[in-house]
file target16.cif (mmCIF, C-alpha atoms)
data_structure
#
loop_
_atom_site.group_PDB
_atom_site.id
_atom_site.type_symbol
_atom_site.label_atom_id
_atom_site.label_comp_id
_atom_site.auth_asym_id
_atom_site.auth_seq_id
_atom_site.Cartn_x
_atom_site.Cartn_y
_atom_site.Cartn_z
ATOM 1 C CA MET P 1 -9.465 10.510 -15.347
ATOM 2 C CA GLN P 2 -6.146 11.632 -16.690
ATOM 3 C CA TYR P 3 -3.150 10.935 -14.474
ATOM 4 C CA THR P 4 0.203 12.662 -14.791
ATOM 5 C CA THR P 5 3.558 11.345 -13.658
ATOM 6 C CA VAL P 6 5.107 13.218 -10.735
ATOM 7 C CA HIS P 7 8.413 12.930 -8.854
ATOM 8 C CA TYR P 8 8.249 10.449 -5.971
ATOM 9 C CA SER P 9 8.778 13.225 -3.404
ATOM 10 C CA THR P 10 6.098 15.615 -4.733
ATOM 11 C CA TYR P 11 3.413 14.404 -2.310
ATOM 12 C CA MET P 12 5.647 12.622 0.183
ATOM 13 C CA SER P 13 4.578 14.669 3.210
ATOM 14 C CA GLU P 14 0.873 14.250 2.366
ATOM 15 C CA THR P 15 1.368 10.518 1.870
ATOM 16 C CA GLN P 16 3.175 10.104 5.198
ATOM 17 C CA ALA P 17 0.550 12.217 6.992
ATOM 18 C CA LEU P 18 -2.363 10.092 5.716
ATOM 19 C CA LEU P 19 -0.805 6.715 6.542
ATOM 20 C CA PRO P 20 -1.874 6.560 10.200
ATOM 21 C CA LYS P 21 -5.342 7.946 9.531
ATOM 22 C CA PRO P 22 -7.308 7.255 7.405
ATOM 23 C CA GLY P 23 -4.732 4.798 5.991
ATOM 24 C CA GLU P 24 -3.860 3.952 2.411
ATOM 25 C CA LEU P 25 -4.548 0.969 0.189
ATOM 26 C CA LEU P 26 -1.832 -1.514 -0.663
ATOM 27 C CA VAL P 27 -2.771 -3.408 -3.827
ATOM 28 C CA ALA P 28 -1.217 -6.707 -4.837
ATOM 29 C CA ALA P 29 -2.193 -9.444 -7.252
ATOM 30 C CA GLY P 30 -1.119 -13.076 -6.997
ATOM 31 C CA LYS P 31 -0.432 -15.594 -9.741
ATOM 32 C CA ASP P 32 -4.078 -15.551 -10.830
ATOM 33 C CA GLY P 33 -3.847 -11.795 -11.506
ATOM 34 C CA LYS P 34 -6.835 -10.966 -9.292
ATOM 35 C CA PRO P 35 -6.079 -7.811 -7.266
ATOM 36 C CA ASN P 36 -6.738 -7.315 -3.585
ATOM 37 C CA ALA P 37 -6.591 -4.082 -1.600
ATOM 38 C CA MET P 38 -5.509 -3.966 2.028
ATOM 39 C CA THR P 39 -5.572 -0.896 4.256
ATOM 40 C CA ILE P 40 -2.156 -0.022 5.636
ATOM 41 C CA GLY P 41 -1.331 2.425 8.388
ATOM 42 C CA TRP P 42 2.381 1.742 8.613
ATOM 43 C CA GLY P 43 4.914 2.465 5.910
ATOM 44 C CA LEU P 44 7.857 4.605 5.017
ATOM 45 C CA ILE P 45 9.106 6.462 1.963
ATOM 46 C CA GLY P 46 12.837 6.981 1.771
ATOM 47 C CA PHE P 47 15.978 6.676 -0.250
ATOM 48 C CA ILE P 48 17.965 3.422 0.074
ATOM 49 C CA TRP P 49 20.514 1.774 -2.220
ATOM 50 C CA GLY P 50 20.457 4.867 -4.429
ATOM 51 C CA LYS P 51 16.738 4.318 -5.101
ATOM 52 C CA PRO P 52 13.445 5.806 -3.911
ATOM 53 C CA ILE P 53 11.817 3.106 -1.764
ATOM 54 C CA PHE P 54 8.328 2.647 -0.287
ATOM 55 C CA THR P 55 8.527 0.161 2.581
ATOM 56 C CA VAL P 56 5.299 -1.518 3.680
ATOM 57 C CA LEU P 57 4.692 -3.979 6.503
ATOM 58 C CA VAL P 58 2.376 -6.983 6.126
ATOM 59 C CA ARG P 59 1.669 -9.726 8.671
ATOM 60 C CA PRO P 60 1.901 -13.357 7.486
ATOM 61 C CA SER P 61 -1.694 -13.922 8.641
ATOM 62 C CA ARG P 62 -3.024 -11.419 6.080
ATOM 63 C CA TYR P 63 -4.380 -12.559 2.729
ATOM 64 C CA THR P 64 -2.283 -9.879 1.000
ATOM 65 C CA TYR P 65 0.872 -11.521 2.361
ATOM 66 C CA SER P 66 0.309 -14.588 0.169
ATOM 67 C CA LEU P 67 -0.312 -12.359 -2.862
ATOM 68 C CA LEU P 68 2.890 -10.402 -2.273
ATOM 69 C CA GLU P 69 4.812 -13.649 -1.957
ATOM 70 C CA GLU P 70 3.528 -14.640 -5.414
ATOM 71 C CA SER P 71 4.198 -11.234 -6.941
ATOM 72 C CA ASP P 72 7.063 -8.945 -7.824
ATOM 73 C CA SER P 73 5.284 -5.646 -7.196
ATOM 74 C CA PHE P 74 2.622 -3.670 -5.353
ATOM 75 C CA THR P 75 0.977 -0.278 -5.533
ATOM 76 C CA VAL P 76 0.098 2.122 -2.742
ATOM 77 C CA CYS P 77 -3.031 4.139 -3.491
ATOM 78 C CA VAL P 78 -3.549 7.291 -1.433
ATOM 79 C CA PRO P 79 -7.249 8.051 -0.868
ATOM 80 C CA ALA P 80 -9.325 11.216 -1.020
ATOM 81 C CA LYS P 81 -11.889 11.954 1.703
ATOM 82 C CA THR P 82 -14.561 10.420 -0.514
ATOM 83 C CA HIS P 83 -12.776 7.038 -0.248
ATOM 84 C CA LYS P 84 -13.114 6.859 3.542
ATOM 85 C CA LYS P 85 -15.686 4.018 3.493
ATOM 86 C CA ILE P 86 -13.567 2.018 1.035
ATOM 87 C CA VAL P 87 -10.492 2.376 3.266
ATOM 88 C CA GLY P 88 -12.594 1.273 6.243
ATOM 89 C CA PHE P 89 -14.004 -1.752 4.423
ATOM 90 C CA CYS P 90 -10.604 -2.854 3.123
ATOM 91 C CA GLY P 91 -9.176 -2.551 6.628
ATOM 92 C CA THR P 92 -11.809 -4.711 8.300
ATOM 93 C CA LYS P 93 -12.609 -7.400 5.713
ATOM 94 C CA SER P 94 -10.336 -10.087 4.321
ATOM 95 C CA GLY P 95 -9.730 -10.744 0.651
ATOM 96 C CA ARG P 96 -10.118 -14.434 1.555
ATOM 97 C CA ASP P 97 -13.820 -13.771 2.126
ATOM 98 C CA TYR P 98 -14.612 -10.788 -0.107
ATOM 99 C CA ASP P 99 -13.778 -9.515 -3.553
ATOM 100 C CA LYS P 100 -13.013 -6.037 -2.254
ATOM 101 C CA PHE P 101 -12.837 -4.505 -5.742
ATOM 102 C CA ALA P 102 -16.366 -5.748 -6.499
ATOM 103 C CA GLU P 103 -17.770 -4.952 -3.041
ATOM 104 C CA CYS P 104 -16.425 -1.391 -3.096
ATOM 105 C CA GLN P 105 -16.972 -0.843 -6.830
ATOM 106 C CA MET P 106 -13.293 -0.108 -7.324
ATOM 107 C CA GLU P 107 -11.850 -0.272 -10.816
ATOM 108 C CA PRO P 108 -8.367 -1.747 -11.204
ATOM 109 C CA LEU P 109 -6.138 0.676 -13.083
ATOM 110 C CA PRO P 110 -3.266 -0.951 -15.008
ATOM 111 C CA SER P 111 0.074 0.382 -13.847
ATOM 112 C CA THR P 112 2.481 2.044 -16.241
ATOM 113 C CA VAL P 113 5.570 0.130 -15.077
ATOM 114 C CA VAL P 114 4.774 -2.689 -12.603
ATOM 115 C CA SER P 115 2.414 -5.664 -12.822
ATOM 116 C CA ALA P 116 0.250 -4.778 -9.788
ATOM 117 C CA PRO P 117 -2.667 -2.472 -10.636
ATOM 118 C CA GLY P 118 -3.641 0.735 -8.918
ATOM 119 C CA ILE P 119 -7.183 1.915 -8.187
ATOM 120 C CA ALA P 120 -8.851 4.294 -10.632
ATOM 121 C CA GLY P 121 -9.943 7.566 -9.078
ATOM 122 C CA PHE P 122 -7.497 7.549 -6.170
ATOM 123 C CA PRO P 123 -5.595 10.852 -6.249
ATOM 124 C CA LEU P 124 -2.130 9.335 -5.949
ATOM 125 C CA ILE P 125 -0.697 5.948 -6.939
ATOM 126 C CA TYR P 126 2.821 4.710 -6.151
ATOM 127 C CA GLU P 127 3.988 1.862 -8.413
ATOM 128 C CA CYS P 128 6.567 -0.250 -6.587
ATOM 129 C CA GLN P 129 8.821 -3.114 -7.681
ATOM 130 C CA ILE P 130 9.791 -5.399 -4.789
ATOM 131 C CA VAL P 131 13.568 -5.292 -4.384
ATOM 132 C CA HIS P 132 13.950 -6.810 -0.897
ATOM 133 C CA THR P 133 12.021 -8.409 1.933
ATOM 134 C CA ASN P 134 12.919 -9.170 5.504
ATOM 135 C CA ASP P 135 11.133 -10.349 8.589
ATOM 136 C CA LEU P 136 11.120 -8.437 11.836
ATOM 137 C CA ILE P 137 13.371 -9.997 14.436
ATOM 138 C CA PRO P 138 11.316 -10.202 17.642
ATOM 139 C CA ALA P 139 14.403 -10.320 19.885
ATOM 140 C CA ASN P 140 15.517 -6.940 18.494
ATOM 141 C CA LEU P 141 12.275 -5.117 19.336
ATOM 142 C CA THR P 142 11.733 -3.248 22.580
ATOM 143 C CA GLU P 143 9.362 -4.863 25.048
ATOM 144 C CA GLU P 144 6.997 -1.885 24.702
ATOM 145 C CA ILE P 145 6.672 -2.380 20.919
ATOM 146 C CA THR P 146 6.381 -6.157 21.250
ATOM 147 C CA SER P 147 3.610 -5.938 23.851
ATOM 148 C CA SER P 148 1.670 -3.152 22.105
ATOM 149 C CA ALA P 149 1.997 -4.159 18.437
ATOM 150 C CA TYR P 150 2.529 -7.930 18.642
ATOM 151 C CA PRO P 151 0.596 -9.412 21.576
ATOM 152 C CA ALA P 152 -0.333 -12.425 19.384
ATOM 153 C CA GLY P 153 3.189 -12.722 17.957
ATOM 154 C CA ASP P 154 2.136 -12.126 14.326
ATOM 155 C CA PHE P 155 5.311 -10.253 13.348
ATOM 156 C CA HIS P 156 5.426 -8.313 10.073
ATOM 157 C CA ARG P 157 7.427 -8.940 6.934
ATOM 158 C CA LEU P 158 8.805 -5.741 5.412
ATOM 159 C CA TYR P 159 8.522 -5.303 1.654
ATOM 160 C CA TYR P 160 10.871 -2.771 0.127
ATOM 161 C CA GLY P 161 9.422 -1.517 -3.139
ATOM 162 C CA GLU P 162 11.467 0.607 -5.491
ATOM 163 C CA ILE P 163 9.179 3.446 -6.525
ATOM 164 C CA MET P 164 9.151 3.053 -10.297
ATOM 165 C CA ALA P 165 6.437 5.634 -11.015
ATOM 166 C CA VAL P 166 4.062 7.932 -9.155
ATOM 167 C CA ARG P 167 0.863 9.041 -10.825
ATOM 168 C CA ALA P 168 -1.353 11.860 -9.631
ATOM 169 C CA LEU P 169 -4.714 13.247 -10.637
ATOM 170 C CA PRO P 170 -4.635 16.923 -11.689
ATOM 171 C CA ASP P 171 -6.443 17.945 -8.477
ATOM 172 C CA ALA P 172 -4.450 15.631 -6.181
ATOM 173 C CA GLU P 173 -3.203 18.508 -4.038
ATOM 174 C CA THR P 174 -6.781 19.466 -3.154
ATOM 175 C CA LEU P 175 -8.018 15.869 -2.814
ATOM 176 C CA LEU P 176 -5.251 14.976 -0.362
ATOM 177 C CA ARG P 177 -6.205 17.738 2.098
ATOM 178 C CA TYR P 178 -8.189 16.334 5.026
#
call {"tool": "encode", "arguments": {"input": "target16.cif", "output": "structure tokens"}}
result
Amino acid sequence: MQYTTVHYSTYMSETQALLPKPGELLVAAGKDGKPNAMTIGWGLIGFIWGKPIFTVLVRPSRYTYSLLEESDSFTVCVPAKTHKKIVGFCGTKSGRDYDKFAECQMEPLPSTVVSAPGIAGFPLIYECQIVHTNDLIPANLTEEITSSAYPAGDFHRLYYGEIMAVRALPDAETLLRY
């Protein structure tokens, strides 16, 4: 599959629309270089510090958290409808217990700029270099958000990734329609 480079905003509305459902795959690799994919439903694309940024949220209890802490980058892979089962699997199983790439027959795709790989065949891949992290401050959240999103107190760390490249398949526009 031949990918082309596109501007970070080309598919921004499609990317934002698919985050809550079905979700997208955040890929990170730790010191050992072995990639893991985690389904994310929360994230934000914007422009901060004069740079295009993809912000993702990961709880410290997640396996991917430890990989991100060992890494300097991540990718966000936006799925087609045909990837629905993969997104479901990666959102319900832990990389501590499963090799998700093997289980789902996903092929790591080397990135063009960052060290974290993408996933071959996904219509859209954001390559992101981590430029900042910060932890949510529980005292600054509303009670409604705290009680609905954090009943167990597992508060997210935010990873701000400068979007270094965005690659799209030639038929990405069609594949991203749900």
call {"tool": "resolve_selection", "arguments": {"input": "target16.cif", "expression": "the PyMOL selection byres ((chain P and resi 171-175) around 12)", "output": "JSON, numbers by chain"}}
result
{"P": [1, 2, 3, 4, 5, 6, 10, 11, 12, 13, 14, 15, 18, 77, 78, 79, 80, 81, 82, 83, 121, 122, 123, 124, 125, 166, 167, 168, 169, 170, 176, 177, 178]}
call {"tool": "resolve_selection", "arguments": {"input": "target16.cif", "expression": "the PyMOL selection byres ((chain P and resi 90) around 8)", "output": "ChimeraX atom specification"}}
result
/P:25,37-39,86-89,91-94,100
call {"tool": "atom_distance", "arguments": {"input": "target16.cif", "atom1": "atom CA of Gly23 of chain P", "atom2": "atom CA of Ser115 of chain P"}}
result
22.7 Å
call {"tool": "atom_distance", "arguments": {"input": "target16.cif", "atom1": "atom CA of Ala28 of chain P", "atom2": "atom CA of Pro117 of chain P"}}
result
7.3 Å
call {"tool": "closest_residue", "arguments": {"input": "target16.cif", "among": "P:His156, P:Glu127, P:Val113, P:Thr64", "to": "Leu141 of chain P", "atoms": "only C-alpha atoms"}}
result
P:His156
call {"tool": "atom_distance", "arguments": {"input": "target16.cif", "atom1": "atom CA of Ala120 of chain P", "atom2": "atom CA of Glu103 of chain P"}}
result
14.9 Å
call {"tool": "resolve_selection", "arguments": {"input": "target16.cif", "expression": "the PyMOL selection byres ((chain P and resi 162) around 12)", "output": "ChimeraX atom specification"}}
result
/P:8,44-56,72-76,113-114,126-133,159-161,163-166
call {"tool": "closest_residue", "arguments": {"input": "target16.cif", "among": "P:Pro22, P:Gly43, P:Val27, P:Ser9", "to": "Ile119 of chain P", "atoms": "all atoms listed in the file"}}
result
P:Val27
call {"tool": "closest_residue", "arguments": {"input": "target16.cif", "among": "P:Lys84, P:Asp97, P:Gly30, P:Leu109", "to": "Glu70 of chain P", "atoms": "only C-alpha atoms"}}
result
P:Gly30
call {"tool": "closest_residue", "arguments": {"input": "target16.cif", "among": "P:Ile40, P:Leu158, P:Tyr150, P:Phe101", "to": "Gly118 of chain P", "atoms": "only C-alpha atoms"}}
result
P:Phe101
call {"tool": "decode", "arguments": {"input": "target16.cif", "residues": "segment 7-154 of chain P", "atoms": "C-alpha atoms", "output": "PDB file, in the first residue's frame"}}
result
ATOM      1  CA  HIS P   7      -1.211  18.263   5.714  1.00  0.00           C
ATOM      2  CA  TYR P   8      -2.095  17.600   9.357  1.00  0.00           C
ATOM      3  CA  SER P   9      -5.491  19.297   8.960  1.00  0.00           C
ATOM      4  CA  THR P  10      -6.583  17.435   5.797  1.00  0.00           C
ATOM      5  CA  TYR P  11      -8.555  14.782   7.699  1.00  0.00           C
ATOM      6  CA  MET P  12      -8.836  16.555  11.040  1.00  0.00           C
ATOM      7  CA  SER P  13     -12.641  16.564  11.169  1.00  0.00           C
ATOM      8  CA  GLU P  14     -12.824  12.861  10.235  1.00  0.00           C
ATOM      9  CA  THR P  15     -10.198  12.031  12.847  1.00  0.00           C
ATOM     10  CA  GLN P  16     -12.018  13.950  15.589  1.00  0.00           C
ATOM     11  CA  ALA P  17     -15.356  12.389  14.595  1.00  0.00           C
ATOM     12  CA  LEU P  18     -14.016   8.814  14.837  1.00  0.00           C
ATOM     13  CA  LEU P  19     -12.303   9.243  18.214  1.00  0.00           C
ATOM     14  CA  PRO P  20     -15.358   8.589  20.403  1.00  0.00           C
ATOM     15  CA  LYS P  21     -16.624   5.727  18.257  1.00  0.00           C
ATOM     16  CA  PRO P  22     -15.159   3.423  17.070  1.00  0.00           C
ATOM     17  CA  GLY P  23     -11.935   4.867  18.553  1.00  0.00           C
ATOM     18  CA  GLU P  24      -8.435   5.012  17.132  1.00  0.00           C
ATOM     19  CA  LEU P  25      -5.235   3.134  17.870  1.00  0.00           C
ATOM     20  CA  LEU P  26      -2.392   4.762  19.750  1.00  0.00           C
ATOM     21  CA  VAL P  27       0.852   2.908  19.027  1.00  0.00           C
ATOM     22  CA  ALA P  28       3.940   3.158  21.199  1.00  0.00           C
ATOM     23  CA  ALA P  29       7.068   1.072  21.575  1.00  0.00           C
ATOM     24  CA  GLY P  30       9.225   0.899  24.693  1.00  0.00           C
ATOM     25  CA  LYS P  31      12.965   0.407  25.023  1.00  0.00           C
ATOM     26  CA  ASP P  32      12.729  -3.113  23.599  1.00  0.00           C
ATOM     27  CA  GLY P  33      11.205  -1.724  20.379  1.00  0.00           C
ATOM     28  CA  LYS P  34       8.159  -4.006  20.547  1.00  0.00           C
ATOM     29  CA  PRO P  35       5.034  -2.029  19.570  1.00  0.00           C
ATOM     30  CA  ASN P  36       1.714  -2.080  21.359  1.00  0.00           C
ATOM     31  CA  ALA P  37      -1.599  -0.652  20.179  1.00  0.00           C
ATOM     32  CA  MET P  38      -4.160   0.796  22.564  1.00  0.00           C
ATOM     33  CA  THR P  39      -7.630   2.000  21.617  1.00  0.00           C
ATOM     34  CA  ILE P  40      -8.202   5.641  22.485  1.00  0.00           C
ATOM     35  CA  GLY P  41     -11.471   7.526  22.508  1.00  0.00           C
ATOM     36  CA  TRP P  42     -10.185  10.802  23.892  1.00  0.00           C
ATOM     37  CA  GLY P  43      -7.766  13.121  22.155  1.00  0.00           C
ATOM     38  CA  LEU P  44      -7.426  16.492  20.555  1.00  0.00           C
ATOM     39  CA  ILE P  45      -5.745  17.945  17.490  1.00  0.00           C
ATOM     40  CA  GLY P  46      -4.808  21.592  17.707  1.00  0.00           C
ATOM     41  CA  PHE P  47      -2.162  24.213  17.292  1.00  0.00           C
ATOM     42  CA  ILE P  48      -0.006  25.029  20.347  1.00  0.00           C
ATOM     43  CA  TRP P  49       3.436  26.620  20.663  1.00  0.00           C
ATOM     44  CA  GLY P  50       3.389  27.353  16.933  1.00  0.00           C
ATOM     45  CA  LYS P  51       3.140  23.613  16.202  1.00  0.00           C
ATOM     46  CA  PRO P  52       0.428  21.151  15.174  1.00  0.00           C
ATOM     47  CA  ILE P  53      -0.186  18.964  18.237  1.00  0.00           C
ATOM     48  CA  PHE P  54      -2.082  15.704  18.822  1.00  0.00           C
ATOM     49  CA  THR P  55      -2.845  15.378  22.531  1.00  0.00           C
ATOM     50  CA  VAL P  56      -3.687  11.916  23.856  1.00  0.00           C
ATOM     51  CA  LEU P  57      -4.663  10.837  27.360  1.00  0.00           C
ATOM     52  CA  VAL P  58      -3.352   7.629  28.946  1.00  0.00           C
ATOM     53  CA  ARG P  59      -3.983   6.334  32.471  1.00  0.00           C
ATOM     54  CA  PRO P  60      -0.955   5.216  34.526  1.00  0.00           C
ATOM     55  CA  SER P  61      -2.572   1.786  34.970  1.00  0.00           C
ATOM     56  CA  ARG P  62      -2.383   1.091  31.219  1.00  0.00           C
ATOM     57  CA  TYR P  63       0.460  -0.923  29.727  1.00  0.00           C
ATOM     58  CA  THR P  64       0.898   1.742  27.031  1.00  0.00           C
ATOM     59  CA  TYR P  65       1.682   4.302  29.739  1.00  0.00           C
ATOM     60  CA  SER P  66       4.942   2.516  30.585  1.00  0.00           C
ATOM     61  CA  LEU P  67       5.854   2.345  26.886  1.00  0.00           C
ATOM     62  CA  LEU P  68       5.224   6.059  26.399  1.00  0.00           C
ATOM     63  CA  GLU P  69       7.364   6.816  29.430  1.00  0.00           C
ATOM     64  CA  GLU P  70      10.226   4.907  27.773  1.00  0.00           C
ATOM     65  CA  SER P  71       9.686   6.498  24.374  1.00  0.00           C
ATOM     66  CA  ASP P  72       9.911   9.846  22.652  1.00  0.00           C
ATOM     67  CA  SER P  73       7.053   9.344  20.198  1.00  0.00           C
ATOM     68  CA  PHE P  74       3.743   7.707  19.330  1.00  0.00           C
ATOM     69  CA  THR P  75       1.496   7.272  16.328  1.00  0.00           C
ATOM     70  CA  VAL P  76      -2.270   7.550  16.079  1.00  0.00           C
ATOM     71  CA  CYS P  77      -3.730   5.206  13.473  1.00  0.00           C
ATOM     72  CA  VAL P  78      -7.247   5.993  12.269  1.00  0.00           C
ATOM     73  CA  PRO P  79      -9.185   2.840  11.321  1.00  0.00           C
ATOM     74  CA  ALA P  80     -11.450   1.930   8.425  1.00  0.00           C
ATOM     75  CA  LYS P  81     -14.716   0.069   9.062  1.00  0.00           C
ATOM     76  CA  THR P  82     -12.910  -3.185   8.318  1.00  0.00           C
ATOM     77  CA  HIS P  83     -10.695  -2.607  11.393  1.00  0.00           C
ATOM     78  CA  LYS P  84     -13.627  -2.569  13.826  1.00  0.00           C
ATOM     79  CA  LYS P  85     -12.735  -5.928  15.443  1.00  0.00           C
ATOM     80  CA  ILE P  86      -9.093  -4.875  15.839  1.00  0.00           C
ATOM     81  CA  VAL P  87     -10.130  -1.632  17.560  1.00  0.00           C
ATOM     82  CA  GLY P  88     -12.424  -3.642  19.840  1.00  0.00           C
ATOM     83  CA  PHE P  89      -9.721  -6.167  20.719  1.00  0.00           C
ATOM     84  CA  CYS P  90      -7.110  -3.489  21.409  1.00  0.00           C
ATOM     85  CA  GLY P  91      -9.580  -1.668  23.644  1.00  0.00           C
ATOM     86  CA  THR P  92     -10.422  -4.669  25.806  1.00  0.00           C
ATOM     87  CA  LYS P  93      -7.137  -6.594  26.072  1.00  0.00           C
ATOM     88  CA  SER P  94      -3.889  -5.509  27.683  1.00  0.00           C
ATOM     89  CA  GLY P  95      -0.502  -5.559  26.010  1.00  0.00           C
ATOM     90  CA  ARG P  96       0.762  -7.050  29.292  1.00  0.00           C
ATOM     91  CA  ASP P  97      -1.126 -10.236  28.422  1.00  0.00           C
ATOM     92  CA  TYR P  98      -1.304 -10.231  24.617  1.00  0.00           C
ATOM     93  CA  ASP P  99       0.888  -9.403  21.668  1.00  0.00           C
ATOM     94  CA  LYS P 100      -1.853  -7.389  19.995  1.00  0.00           C
ATOM     95  CA  PHE P 101       0.037  -7.097  16.695  1.00  0.00           C
ATOM     96  CA  ALA P 102       0.301 -10.899  16.473  1.00  0.00           C
ATOM     97  CA  GLU P 103      -3.232 -11.572  17.752  1.00  0.00           C
ATOM     98  CA  CYS P 104      -4.803  -9.136  15.285  1.00  0.00           C
ATOM     99  CA  GLN P 105      -2.379  -9.874  12.435  1.00  0.00           C
ATOM    100  CA  MET P 106      -1.345  -6.236  12.290  1.00  0.00           C
ATOM    101  CA  GLU P 107       1.868  -5.320  10.520  1.00  0.00           C
ATOM    102  CA  PRO P 108       4.008  -2.589  12.076  1.00  0.00           C
ATOM    103  CA  LEU P 109       4.745   0.099   9.506  1.00  0.00           C
ATOM    104  CA  PRO P 110       7.982   2.039  10.100  1.00  0.00           C
ATOM    105  CA  SER P 111       7.301   5.738  10.468  1.00  0.00           C
ATOM    106  CA  THR P 112       8.916   8.285   8.188  1.00  0.00           C
ATOM    107  CA  VAL P 113       9.987  10.669  10.967  1.00  0.00           C
ATOM    108  CA  VAL P 114       9.428   9.257  14.488  1.00  0.00           C
ATOM    109  CA  SER P 115      10.587   6.035  16.142  1.00  0.00           C
ATOM    110  CA  ALA P 116       7.113   4.633  16.940  1.00  0.00           C
ATOM    111  CA  PRO P 117       5.627   2.573  14.095  1.00  0.00           C
ATOM    112  CA  GLY P 118       2.210   2.913  12.547  1.00  0.00           C
ATOM    113  CA  ILE P 119      -0.045   0.066  11.416  1.00  0.00           C
ATOM    114  CA  ALA P 120       0.026  -0.974   7.765  1.00  0.00           C
ATOM    115  CA  GLY P 121      -3.336  -0.741   6.043  1.00  0.00           C
ATOM    116  CA  PHE P 122      -4.869   1.863   8.347  1.00  0.00           C
ATOM    117  CA  PRO P 123      -6.116   4.733   6.170  1.00  0.00           C
ATOM    118  CA  LEU P 124      -4.491   7.509   8.184  1.00  0.00           C
ATOM    119  CA  ILE P 125      -1.403   7.618  10.411  1.00  0.00           C
ATOM    120  CA  TYR P 126      -0.297  10.589  12.528  1.00  0.00           C
ATOM    121  CA  GLU P 127       3.394  10.489  13.502  1.00  0.00           C
ATOM    122  CA  CYS P 128       3.916  12.404  16.744  1.00  0.00           C
ATOM    123  CA  GLN P 129       7.028  13.445  18.670  1.00  0.00           C
ATOM    124  CA  ILE P 130       6.356  13.911  22.394  1.00  0.00           C
ATOM    125  CA  VAL P 131       7.076  17.530  23.304  1.00  0.00           C
ATOM    126  CA  HIS P 132       5.341  17.765  26.701  1.00  0.00           C
ATOM    127  CA  THR P 133       3.491  15.734  29.299  1.00  0.00           C
ATOM    128  CA  ASN P 134       1.415  16.713  32.276  1.00  0.00           C
ATOM    129  CA  ASP P 135      -0.828  14.984  34.743  1.00  0.00           C
ATOM    130  CA  LEU P 136      -4.421  15.961  35.318  1.00  0.00           C
ATOM    131  CA  ILE P 137      -4.904  17.837  38.559  1.00  0.00           C
ATOM    132  CA  PRO P 138      -7.866  16.193  40.311  1.00  0.00           C
ATOM    133  CA  ALA P 139      -8.643  19.291  42.403  1.00  0.00           C
ATOM    134  CA  ASN P 140      -9.145  21.305  39.196  1.00  0.00           C
ATOM    135  CA  LEU P 141     -11.762  18.965  37.706  1.00  0.00           C
ATOM    136  CA  THR P 142     -15.482  19.432  38.208  1.00  0.00           C
ATOM    137  CA  GLU P 143     -17.171  16.943  40.504  1.00  0.00           C
ATOM    138  CA  GLU P 144     -19.263  15.679  37.572  1.00  0.00           C
ATOM    139  CA  ILE P 145     -16.151  14.797  35.524  1.00  0.00           C
ATOM    140  CA  THR P 146     -14.365  13.307  38.533  1.00  0.00           C
ATOM    141  CA  SER P 147     -17.305  11.066  39.446  1.00  0.00           C
ATOM    142  CA  SER P 148     -18.083   9.984  35.870  1.00  0.00           C
ATOM    143  CA  ALA P 149     -14.582   9.555  34.409  1.00  0.00           C
ATOM    144  CA  TYR P 150     -12.464   8.824  37.496  1.00  0.00           C
ATOM    145  CA  PRO P 151     -14.462   6.841  40.069  1.00  0.00           C
ATOM    146  CA  ALA P 152     -11.338   4.730  40.801  1.00  0.00           C
ATOM    147  CA  GLY P 153      -9.046   7.776  40.826  1.00  0.00           C
ATOM    148  CA  ASP P 154      -6.876   6.591  37.904  1.00  0.00           C
TER     149      ASP P 154
END
